[in-house]
Each structure stands twice: as C-alpha cells, then as structure tokens.
>>> print(open('input_8.cif').read())   # mmCIF, C-alpha atoms and all ligand atoms
data_start
#
loop_
_atom_site.group_PDB
_atom_site.id
_atom_site.type_symbol
_atom_site.label_atom_id
_atom_site.label_comp_id
_atom_site.auth_asym_id
_atom_site.auth_seq_id
_atom_site.Cartn_x
_atom_site.Cartn_y
_atom_site.Cartn_z
ATOM 1 C CA MET W 153 47.089 35.173 99.479
ATOM 2 C CA THR W 154 44.085 33.645 101.160
ATOM 3 C CA THR W 155 40.898 35.639 101.654
ATOM 4 C CA VAL W 156 38.606 35.141 104.618
ATOM 5 C CA ALA W 157 35.340 37.072 104.596
ATOM 6 C CA VAL W 158 33.463 37.557 107.832
ATOM 7 C CA TYR W 159 29.879 37.870 106.738
ATOM 8 C CA SER W 160 26.315 37.420 107.897
ATOM 9 C CA ILE W 161 23.047 38.858 106.676
ATOM 10 C CA LYS W 162 22.158 39.593 110.284
ATOM 11 C CA GLY W 163 23.542 42.704 111.930
ATOM 12 C CA GLY W 164 25.269 42.957 115.294
ATOM 13 C CA VAL W 165 26.486 39.345 115.454
ATOM 14 C CA GLY W 166 30.155 40.158 116.058
ATOM 15 C CA LYS W 167 31.553 40.354 112.495
ATOM 16 C CA SER W 168 33.728 43.407 113.094
ATOM 17 C CA THR W 169 34.837 42.133 116.494
ATOM 18 C CA VAL W 170 35.878 38.777 115.010
ATOM 19 C CA SER W 171 37.551 40.415 111.978
ATOM 20 C CA VAL W 172 39.727 42.726 114.055
ATOM 21 C CA ASN W 173 40.844 40.062 116.532
ATOM 22 C CA LEU W 174 41.661 37.567 113.775
ATOM 23 C CA ALA W 175 43.542 40.193 111.772
ATOM 24 C CA VAL W 176 45.705 41.189 114.751
ATOM 25 C CA LEU W 177 46.389 37.569 115.715
ATOM 26 C CA ALA W 178 47.407 36.758 112.126
ATOM 27 C CA ALA W 179 49.699 39.786 111.973
ATOM 28 C CA LYS W 180 51.281 38.881 115.299
ATOM 29 C CA ALA W 181 51.896 35.383 113.972
ATOM 30 C CA GLY W 182 53.892 36.969 111.155
ATOM 31 C CA GLN W 183 51.281 36.778 108.389
ATOM 32 C CA ARG W 184 51.325 39.833 106.134
ATOM 33 C CA THR W 185 47.701 40.750 106.666
ATOM 34 C CA ILE W 186 45.268 43.276 105.250
ATOM 35 C CA LEU W 187 41.850 43.954 106.701
ATOM 36 C CA LEU W 188 39.387 45.330 104.165
ATOM 37 C CA ASP W 189 36.623 47.180 105.941
ATOM 38 C CA LEU W 190 33.764 47.140 103.461
ATOM 39 C CA ASP W 191 31.028 48.254 105.820
ATOM 40 C CA PRO W 192 30.267 51.970 105.308
ATOM 41 C CA LEU W 193 29.883 52.292 109.083
ATOM 42 C CA GLY W 194 33.588 51.517 109.424
ATOM 43 C CA SER W 195 33.491 49.664 112.757
ATOM 44 C CA SER W 196 36.685 47.687 112.221
ATOM 45 C CA SER W 197 38.566 50.781 110.995
ATOM 46 C CA TYR W 198 37.391 52.498 114.176
ATOM 47 C CA LEU W 199 38.426 49.577 116.368
ATOM 48 C CA LEU W 200 41.932 49.718 114.896
ATOM 49 C CA SER W 201 42.095 53.513 115.225
ATOM 50 C CA VAL W 202 42.426 53.959 111.487
ATOM 51 C CA GLN W 203 40.568 56.791 109.861
ATOM 52 C CA ALA W 204 39.883 57.107 106.146
ATOM 53 C CA LYS W 205 41.645 60.051 104.532
ATOM 54 C CA LYS W 206 39.583 62.975 103.242
ATOM 55 C CA SER W 207 40.273 61.778 99.706
ATOM 56 C CA HIS W 208 38.856 58.313 100.506
ATOM 57 C CA ASP W 209 36.225 57.243 98.003
ATOM 58 C CA GLU W 210 34.626 54.154 96.542
ATOM 59 C CA LYS W 211 36.110 54.574 93.067
ATOM 60 C CA ALA W 212 39.582 53.373 94.056
ATOM 61 C CA LEU W 213 38.252 49.959 95.030
ATOM 62 C CA VAL W 214 36.443 49.686 91.713
ATOM 63 C CA LYS W 215 39.387 50.727 89.551
ATOM 64 C CA GLY W 216 42.410 49.579 91.582
ATOM 65 C CA GLY W 217 45.929 50.794 90.844
ATOM 66 C CA LYS W 218 47.788 53.504 92.727
ATOM 67 C CA GLU W 219 44.609 55.182 93.938
ATOM 68 C CA LEU W 220 43.733 52.066 95.898
ATOM 69 C CA THR W 221 47.253 51.575 97.263
ATOM 70 C CA LYS W 222 47.177 55.161 98.553
ATOM 71 C CA GLN W 223 44.053 54.419 100.576
ATOM 72 C CA ILE W 224 45.602 51.474 102.404
ATOM 73 C CA GLN W 225 46.948 52.433 105.805
ATOM 74 C CA ALA W 226 49.432 50.943 108.220
ATOM 75 C CA THR W 227 48.402 50.138 111.786
ATOM 76 C CA LYS W 228 50.442 49.964 114.956
ATOM 77 C CA TYR W 229 50.898 46.240 114.240
ATOM 78 C CA ALA W 230 53.919 45.649 112.022
ATOM 79 C CA SER W 231 52.283 43.189 109.609
ATOM 80 C CA LEU W 232 48.769 44.607 109.557
ATOM 81 C CA ASP W 233 47.397 47.113 107.055
ATOM 82 C CA VAL W 234 43.826 48.293 106.723
ATOM 83 C CA LEU W 235 41.757 49.479 103.826
ATOM 84 C CA PRO W 236 39.486 51.710 105.874
ATOM 85 C CA SER W 237 35.874 52.299 105.096
ATOM 86 C CA SER W 238 33.929 55.516 104.968
ATOM 87 C CA LEU W 239 30.357 56.470 104.194
ATOM 88 C CA ALA W 240 31.457 56.726 100.549
ATOM 89 C CA TYR W 241 31.262 52.923 100.457
ATOM 90 C CA LYS W 242 27.482 53.165 100.489
ATOM 91 C CA TYR W 243 27.870 53.807 96.736
ATOM 92 C CA LEU W 244 30.077 50.767 96.098
ATOM 93 C CA SER W 245 27.311 48.563 94.723
ATOM 94 C CA ILE W 246 26.280 51.265 92.242
ATOM 95 C CA LYS W 247 29.883 51.719 91.134
ATOM 96 C CA PHE W 248 30.413 47.981 90.686
ATOM 97 C CA ASP W 249 27.153 47.774 88.753
ATOM 98 C CA GLU W 250 28.389 50.338 86.228
ATOM 99 C CA LYS W 251 31.308 48.066 85.329
ATOM 100 C CA LYS W 252 31.583 44.915 83.259
ATOM 101 C CA ASN W 253 31.932 41.693 85.201
ATOM 102 C CA SER W 254 30.329 43.536 88.087
ATOM 103 C CA LYS W 255 30.196 40.528 90.452
ATOM 104 C CA HIS W 256 33.907 39.841 90.185
ATOM 105 C CA ARG W 257 35.472 43.295 90.557
ATOM 106 C CA LEU W 258 36.618 42.678 94.116
ATOM 107 C CA GLU W 259 38.340 39.460 93.057
ATOM 108 C CA LYS W 260 40.440 41.541 90.670
ATOM 109 C CA ARG W 261 41.401 43.980 93.406
ATOM 110 C CA LEU W 262 42.414 41.117 95.680
ATOM 111 C CA ASP W 263 44.520 39.674 92.866
ATOM 112 C CA ASP W 264 46.310 43.042 92.675
ATOM 113 C CA LEU W 265 47.016 42.912 96.415
ATOM 114 C CA SER W 266 48.057 39.272 96.563
ATOM 115 C CA GLN W 267 51.753 39.978 95.970
ATOM 116 C CA TYR W 268 51.914 42.074 99.154
ATOM 117 C CA TYR W 269 49.887 39.998 101.618
ATOM 118 C CA ASP W 270 49.487 36.418 102.842
ATOM 119 C CA LEU W 271 46.009 36.943 104.245
ATOM 120 C CA ALA W 272 43.111 39.280 103.516
ATOM 121 C CA ILE W 273 40.251 39.543 105.986
ATOM 122 C CA ILE W 274 37.073 41.222 104.811
ATOM 123 C CA ASP W 275 34.703 42.768 107.317
ATOM 124 C CA ALA W 276 31.451 42.836 105.369
ATOM 125 C CA SER W 277 28.232 44.731 105.975
ATOM 126 C CA PRO W 278 25.085 42.784 106.956
ATOM 127 C CA THR W 279 23.300 43.180 103.634
ATOM 128 C CA MET W 280 22.497 41.249 100.496
ATOM 129 C CA SER W 281 24.020 43.551 97.920
ATOM 130 C CA LEU W 282 26.199 43.552 94.851
ATOM 131 C CA VAL W 283 29.193 44.418 97.043
ATOM 132 C CA ASN W 284 28.574 41.354 99.144
ATOM 133 C CA GLU W 285 28.051 39.185 96.073
ATOM 134 C CA ASN W 286 31.543 40.327 95.129
ATOM 135 C CA VAL W 287 32.698 39.376 98.623
ATOM 136 C CA LEU W 288 31.167 35.908 98.323
ATOM 137 C CA TYR W 289 32.854 35.200 95.008
ATOM 138 C CA ALA W 290 36.184 36.625 96.154
ATOM 139 C CA ALA W 291 36.463 34.785 99.461
ATOM 140 C CA ASP W 292 38.279 31.480 99.829
ATOM 141 C CA VAL W 293 36.580 31.016 103.144
ATOM 142 C CA LEU W 294 33.407 32.527 104.487
ATOM 143 C CA LEU W 295 33.173 32.774 108.243
ATOM 144 C CA VAL W 296 29.661 33.394 109.523
ATOM 145 C CA PRO W 297 29.280 34.389 113.174
ATOM 146 C CA VAL W 298 25.932 33.162 114.464
ATOM 147 C CA VAL W 299 24.457 34.202 117.805
ATOM 148 C CA PRO W 300 22.742 31.088 119.194
ATOM 149 C CA THR W 301 19.149 32.263 118.933
ATOM 150 C CA PRO W 302 16.441 30.875 116.651
ATOM 151 C CA PHE W 303 16.182 34.093 114.573
ATOM 152 C CA ALA W 304 19.917 34.157 113.969
ATOM 153 C CA VAL W 305 19.881 30.508 112.899
ATOM 154 C CA ILE W 306 17.015 31.251 110.478
ATOM 155 C CA ALA W 307 19.065 34.116 109.032
ATOM 156 C CA TYR W 308 22.036 31.780 108.599
ATOM 157 C CA ASP W 309 19.860 29.133 106.915
ATOM 158 C CA THR W 310 18.553 31.781 104.508
ATOM 159 C CA LEU W 311 22.119 32.760 103.679
ATOM 160 C CA ALA W 312 23.112 29.094 103.239
ATOM 161 C CA GLU W 313 20.272 28.625 100.697
ATOM 162 C CA GLU W 314 21.456 31.665 98.792
ATOM 163 C CA LEU W 315 25.026 30.383 98.790
ATOM 164 C CA LYS W 316 23.832 27.057 97.397
ATOM 165 C CA ARG W 317 22.066 28.918 94.599
ATOM 166 C CA MET W 318 25.243 30.826 93.902
ATOM 167 C CA GLN W 319 27.244 27.590 93.996
ATOM 168 C CA ILE W 320 29.609 28.801 96.676
ATOM 169 C CA LEU W 321 31.609 25.762 97.740
ATOM 170 C CA LYS W 322 29.975 24.425 100.873
ATOM 171 C CA HIS W 323 33.077 23.202 102.632
ATOM 172 C CA ARG W 324 34.410 26.735 102.598
ATOM 173 C CA VAL W 325 31.568 28.162 104.626
ATOM 174 C CA TYR W 326 32.051 27.941 108.369
ATOM 175 C CA VAL W 327 29.869 28.961 111.282
ATOM 176 C CA ALA W 328 31.290 30.385 114.490
ATOM 177 C CA VAL W 329 28.964 30.480 117.468
ATOM 178 C CA SER W 330 29.225 34.062 118.654
ATOM 179 C CA MET W 331 28.217 35.966 121.796
ATOM 180 C CA LEU W 332 27.053 32.878 123.673
ATOM 181 C CA ASP W 333 25.475 33.941 126.948
ATOM 182 C CA LYS W 334 25.805 30.943 129.262
ATOM 183 C CA ARG W 335 23.110 32.315 131.578
ATOM 184 C CA LYS W 336 20.511 31.806 128.852
ATOM 185 C CA LYS W 337 19.060 28.330 128.437
ATOM 186 C CA LEU W 338 17.923 29.161 124.905
ATOM 187 C CA HIS W 339 21.473 30.142 123.940
ATOM 188 C CA ILE W 340 22.894 26.885 125.316
ATOM 189 C CA GLU W 341 20.268 24.722 123.592
ATOM 190 C CA THR W 342 20.573 26.532 120.268
ATOM 191 C CA ALA W 343 24.373 26.398 120.423
ATOM 192 C CA GLU W 344 24.251 22.643 121.060
ATOM 193 C CA GLU W 345 22.122 22.176 117.944
ATOM 194 C CA LEU W 346 24.359 24.470 115.869
ATOM 195 C CA LEU W 347 27.503 22.611 116.918
ATOM 196 C CA LYS W 348 26.097 19.381 115.438
ATOM 197 C CA ARG W 349 26.326 20.881 111.964
ATOM 198 C CA PRO W 350 29.419 19.915 109.939
ATOM 199 C CA GLU W 351 30.159 23.534 109.022
ATOM 200 C CA SER W 352 30.279 24.670 112.665
ATOM 201 C CA LEU W 353 33.681 25.376 114.111
ATOM 202 C CA LYS W 354 34.436 24.019 117.581
ATOM 203 C CA THR W 355 35.361 27.395 119.041
ATOM 204 C CA ILE W 356 32.612 29.241 120.868
ATOM 205 C CA ILE W 357 32.976 32.961 121.370
ATOM 206 C CA PRO W 358 31.365 33.830 124.689
ATOM 207 C CA PHE W 359 29.392 36.954 125.401
ATOM 208 C CA ALA W 360 31.839 38.826 127.616
ATOM 209 C CA SER W 361 32.009 42.384 128.861
ATOM 210 C CA GLU W 362 35.782 42.371 128.290
ATOM 211 C CA ILE W 363 35.051 41.873 124.561
ATOM 212 C CA GLU W 364 32.310 44.513 124.544
ATOM 213 C CA LYS W 365 34.863 47.023 125.896
ATOM 214 C CA MET W 366 36.691 46.993 122.567
ATOM 215 C CA GLY W 367 34.496 49.889 121.441
ATOM 216 C CA GLU W 368 35.755 52.048 124.310
ATOM 217 C CA ARG W 369 39.379 50.953 124.109
ATOM 218 C CA ARG W 370 39.606 50.945 120.300
ATOM 219 C CA GLU W 371 41.823 47.879 120.480
ATOM 220 C CA PRO W 372 41.214 44.164 120.064
ATOM 221 C CA VAL W 373 40.671 42.226 123.279
ATOM 222 C CA VAL W 374 43.594 39.959 122.335
ATOM 223 C CA GLU W 375 45.765 43.040 122.904
ATOM 224 C CA TYR W 376 44.474 44.417 126.213
ATOM 225 C CA LYS W 377 43.403 41.213 127.943
ATOM 226 C CA PRO W 378 45.431 38.489 126.214
ATOM 227 C CA ARG W 379 44.812 35.849 128.877
ATOM 228 C CA GLY W 380 41.095 36.497 129.344
ATOM 229 C CA LYS W 381 38.360 34.170 128.123
ATOM 230 C CA GLY W 382 37.572 36.463 125.182
ATOM 231 C CA ALA W 383 41.141 36.486 123.892
ATOM 232 C CA GLN W 384 41.414 32.720 124.445
ATOM 233 C CA ALA W 385 38.326 32.191 122.286
ATOM 234 C CA PHE W 386 39.675 34.346 119.438
ATOM 235 C CA LYS W 387 43.042 32.563 119.651
ATOM 236 C CA SER W 388 41.281 29.222 119.410
ATOM 237 C CA LEU W 389 39.234 30.491 116.445
ATOM 238 C CA TYR W 390 42.416 31.661 114.745
ATOM 239 C CA ARG W 391 44.088 28.275 115.305
ATOM 240 C CA GLU W 392 41.083 26.411 113.886
ATOM 241 C CA LEU W 393 40.985 28.677 110.872
ATOM 242 C CA THR W 394 44.722 28.303 110.275
ATOM 243 C CA VAL W 395 44.382 24.512 110.094
ATOM 244 C CA LEU W 396 41.469 24.815 107.668
ATOM 245 C CA LEU W 397 43.252 27.328 105.465
ATOM 246 C CA ARG W 398 46.299 25.079 105.293
ATOM 247 C CA ALA W 399 44.113 22.124 104.252
ATOM 248 C CA ILE W 400 42.424 24.233 101.592
ATOM 249 C CA ARG W 401 45.754 25.498 100.213
ATOM 250 C CA ASP W 402 47.155 21.955 100.109
ATOM 251 C CA SER W 403 44.076 20.662 98.332
ATOM 252 C CA ASP W 404 44.271 23.515 95.807
ATOM 253 C CA VAL W 405 47.916 22.739 95.117
ATOM 254 C CA ALA W 406 47.065 19.057 94.717
ATOM 255 C CA GLY W 407 44.129 19.983 92.478
ATOM 256 C CA ASP W 408 41.709 18.092 94.718
ATOM 257 C CA THR W 409 38.039 18.794 94.500
ATOM 258 C CA ALA W 410 36.286 20.804 97.159
ATOM 259 C CA GLN W 411 34.441 17.770 98.448
ATOM 260 C CA THR W 412 37.641 15.972 99.409
ATOM 261 C CA ILE W 413 38.069 18.185 102.404
ATOM 262 C CA ILE W 414 34.525 17.621 103.625
ATOM 263 C CA LYS W 415 35.081 13.852 103.618
ATOM 264 C CA GLU W 416 38.323 14.272 105.540
HETATM 265 N N1 LIG D 501 31.552 38.196 122.176
HETATM 266 C C1 LIG D 501 31.037 39.386 122.511
HETATM 267 N N2 LIG D 501 30.693 39.657 123.796
HETATM 268 C C2 LIG D 501 30.145 40.854 124.143
HETATM 269 N N3 LIG D 501 29.887 41.826 123.270
HETATM 270 C C3 LIG D 501 30.213 41.623 121.972
HETATM 271 C C4 LIG D 501 30.805 40.403 121.523
HETATM 272 N N4 LIG D 501 31.015 40.480 120.180
HETATM 273 C C5 LIG D 501 30.582 41.705 119.820
HETATM 274 N N5 LIG D 501 30.109 42.393 120.889
HETATM 275 C C6 LIG D 501 29.511 43.724 120.895
HETATM 276 O O1 LIG D 501 28.300 43.653 120.155
HETATM 277 C C7 LIG D 501 28.147 44.771 119.311
HETATM 278 C C8 LIG D 501 28.121 44.307 117.834
HETATM 279 O O2 LIG D 501 29.383 43.728 117.522
HETATM 280 P P1 LIG D 501 30.028 43.948 116.096
HETATM 281 O O3 LIG D 501 30.028 45.385 115.727
HETATM 282 O O4 LIG D 501 31.323 43.226 116.075
HETATM 283 O O5 LIG D 501 28.959 43.164 115.224
HETATM 284 P P2 LIG D 501 28.742 43.248 113.633
HETATM 285 O O6 LIG D 501 28.162 41.939 113.230
HETATM 286 O O7 LIG D 501 30.002 43.671 112.985
HETATM 287 O O8 LIG D 501 27.668 44.409 113.537
HETATM 288 P P3 LIG D 501 27.149 45.102 112.173
HETATM 289 O O9 LIG D 501 26.242 44.112 111.537
HETATM 290 O O10 LIG D 501 26.457 46.331 112.661
HETATM 291 O O11 LIG D 501 28.359 45.374 111.344
HETATM 292 C C9 LIG D 501 29.316 45.690 119.619
HETATM 293 O O12 LIG D 501 28.916 46.605 120.595
HETATM 294 C C10 LIG D 501 30.373 44.749 120.191
HETATM 295 O O13 LIG D 501 31.250 45.381 121.098
HETATM 296 MG MG MG D 502 30.363 45.276 111.670
#
>>> encode(input="input_8.cif", output="structure tokens")
Amino acid sequence: MTTVAVYSIKGGVGKSTVSVNLAVLAAKAGQRTILLDLDPLGSSSYLLSVQAKKSHDEKALVKGGKELTKQIQATKYASLDVLPSSLAYKYLSIKFDEKKNSKHRLEKRLDDLSQYYDLAIIDASPTMSLVNENVLYAADVLLVPVVPTPFAVIAYDTLAEELKRMQILKHRVYVAVSMLDKRKKLHIETAEELLKRPESLKTIIPFASEIEKMGERREPVVEYKPRGKGAQAFKSLYRELTVLLRAIRDSDVAGDTAQTIIKE
C-alpha cells in the first residue's frame, strides 16, 4: 500500500477537494483505496456523504484492531472506503502523546490496513501538531496544494524548512498549484515562479466555480462534470501522481536511494 498525504500548514488551499477527487479517480481506476479524513472538521467525509457513526472516537485510530475496522465505511464507489472524521479527532494529538512511539502510531495503523488497500489518501488538517507529525512520517508522498499567492508560498517554504529538519525525503514532497485564478496577474506570476521549482507538479488546478460546487453537490467534480476543466485537472494530477508512485515503488524494490529519483 502506498500512502499519499495531502497536507499544508495553510488552511483553505484545496486539500479536501484534491483528496476526494484523487481518491475517487484511484478507486475508479481499480485501486483499492481508503481515504483517511484526519481533519476534525470532516470536509472530505462530508463531500463523500459519509457520516461518522455515533460510536466514532479517536481511540480506535490510536489502538487499531477491530474497533478501527468498524469505523471504516464503504462509499458508493466500489473500491473506495473512508475512515470518517468527527470532532472527536480534536483529541487525537493528546491520545497519541499518551502512547509510546507517539510520532509513529499512524504508521502502525497504516501497516494494519495495508493488506486491504493499494492506496491510502490522508486528508490532513492545516496545523502543525503531533497528529500531522504522524502523517508526515507515515506518508510515502506528501502532496502540498499551494495557492499561487506570496503568503501561501511563504507558508509552503516554512513547511519545507520543517520537513528538512525532520529529514522527510525531499523527492517525496510535491507541490500542486491550486485554485489558480487566471484573471489575477499576481496568481499567474506567482504560479510561473512556483512551476520552476523541481518539486512542483506540472498540473495546475484552476479556480473554477464547477469545483467550488462540490460543497453543494457533496460529490467530486470528476463525477458530476467529468469533461469539465476541473475534472480534467484532477485527472491530470492523478496521472502525474501515478507515474511518480510507480517510480518510487520501483526504486524501493530495487533498494535505490531517495536521491536517485530526483536525478532522473
Ligand atoms: N480549484 C478550486 N476552485 C474553486 N474553489 C475551490 C477549489 N478548490 C477548493 N475550492 C473551494 O475552496 C474552499 C476550500 O477548499 P478545501 O476545503 O478543499 O480546502 P482545505 O485546504 O481542505 O481547507 P481546510 O484547511 O479548511 O481543511 C471550499 O469552499 C472549496 O469548495
Ligand atoms: Mg480540508
């Protein structure tokens, strides 16, 4: 199983939107996929019309086992399951902190799930927290949506510094330009600069009202407007990610170092 975390320390950059569209595209391509919604606000659970059960709590994710399996829910997509979030997840960091090896608890839970799924997508909250430290250590690939504005780039640079300190492998961190508004000169200029960076993916997700409507429709745009520019962008992002994930898996099998892929 490969784990992709969609994370940024800046809020409202499109993390949940990207997570849900990628998860549905992966499932439709036949990948056994699980989306872990780790943001207490539960946007991606909402977008997939999945509601946490009354018994949902944060302890299951800390301990694992049957309690966790019971909290995972099917969606209307054959190969897509969701671990929904609820406000209870606001206590996750505290619960992790009470345990040994507190930064690597999520890795353990993903190991438990790896026999059932090919791909795990994590929709993370926009915070620096113990939960998200767990996310960073557990993810094979970190996908950071960045809105092309100077403040958002500063936030990404701050995150990149932190990742360096944590020794997260650089070639596994990718930037996706998100919510590009072509009418704004500043967006275009900032996006051009961002795209020069080696970690930036080629796909640009445009700002589009058809994407914004996901909140009303509670469905991914790839489902209700599959030929629109929004869906095309998410399909392109999925294709780019698939190629990268394959390269990473091959290099892991071959025992190559992380840097090999960067040079390629
Ligand atoms: N490409 C886009 N075009 C237009 N609107 C978008 C786009 N991507 C996201 N949105 C809208 O922007 C808002 C924030 O998106 P989303 O919830 O995906 O961001 P987020 O990074 O997950 O936010 P948070 O940090 O609060 O979790 C939502 O209303 C969403 O519908
Ligand atoms: Mg979100």
>>> resolve_selection(input="input_8.cif", expression="the PyMOL selection byres (((chain W and resi 305) around 12) and not hetatm)", output="JSON, numbers by chain")
{"W": [160, 161, 162, 165, 296, 297, 298, 299, 300, 301, 302, 303, 304, 306, 307, 308, 309, 310, 311, 312, 327, 328, 329, 330, 339, 342, 343, 345, 346, 347, 349, 352]}
>>> resolve_selection(input="input_8.cif", expression="the PyMOL selection byres (((chain W and resi 366) around 12) and not hetatm)", output="PyMOL selection string")
chain W and resi 166+168-170+172-173+195-196+198-201+360-365+367-377+382-383
>>> closest_residue(input="input_8.cif", among="W:Gly217, W:Ile273, W:Ile246, W:Pro278", to="Asp191 in chain W", atoms="only C-alpha atoms")
W:Pro278
>>> closest_residue(input="input_8.cif", among="W:Ser171, W:Asn286, W:Gln203, W:Ser254", to="ligand MG 502 (chain D)", atoms="only C-alpha atoms and all ligand atoms")
W:Ser171
>>> axis_aligned_box(input="input_8.cif", around="range 201-210 of chain W", padding_each_side="8 Å", output="JSON")
{"center_x": 38.5, "center_y": 58.2, "center_z": 105.9, "size_x": 23.8, "size_y": 25.5, "size_z": 34.7}
>>> closest_residue(input="input_8.cif", among="W:Glu314, W:Asp189, W:Glu351, W:Asp249", to="ligand MG 502 (chain D)", atoms="all atoms listed in the file")
W:Asp189
>>> closest_residue(input="input_8.cif", among="W:Glu210, W:Glu341, W:Asp275, W:Glu313", to="ligand LIG 501 (chain D)", atoms="all atoms listed in the file")
W:Asp275
>>> residues_around(input="input_8.cif", residues="Glu392 in chain W", least_positions_apart="5", cutoff="8 Å", atoms="all atoms listed in the file", output="MDAnalysis selection string")
chainID W and resid 353:355
>>> resolve_selection(input="input_8.cif", expression="the PyMOL selection byres (((chain W and resi 274) around 9) and not hetatm)", output="MDAnalysis selection string")
chainID W and resid 155:159 171 186:190 272:273 275:276 287 291
>>> atom_distance(input="input_8.cif", atom1="CA of Leu177 in chain W", atom2="CA of Phe359 in chain W")
19.6 Å
>>> atom_distance(input="input_8.cif", atom1="atom N3 of ligand LIG 501 (chain D)", atom2="CA of Lys167 in chain W")
11.0 Å
>>> residues_around(input="input_8.cif", residues="Val325 in chain W", least_positions_apart="4", cutoff="7 Å", atoms="only C-alpha atoms", output="list of chain:residue names")
W:Val293, W:Leu294, W:Leu295, W:Glu351
>>> closest_residue(input="input_8.cif", among="W:Thr227, W:Gln183, W:Thr221, W:Gln384", to="ligand LIG 501 (chain D)", atoms="only C-alpha atoms and all ligand atoms")
W:Gln384
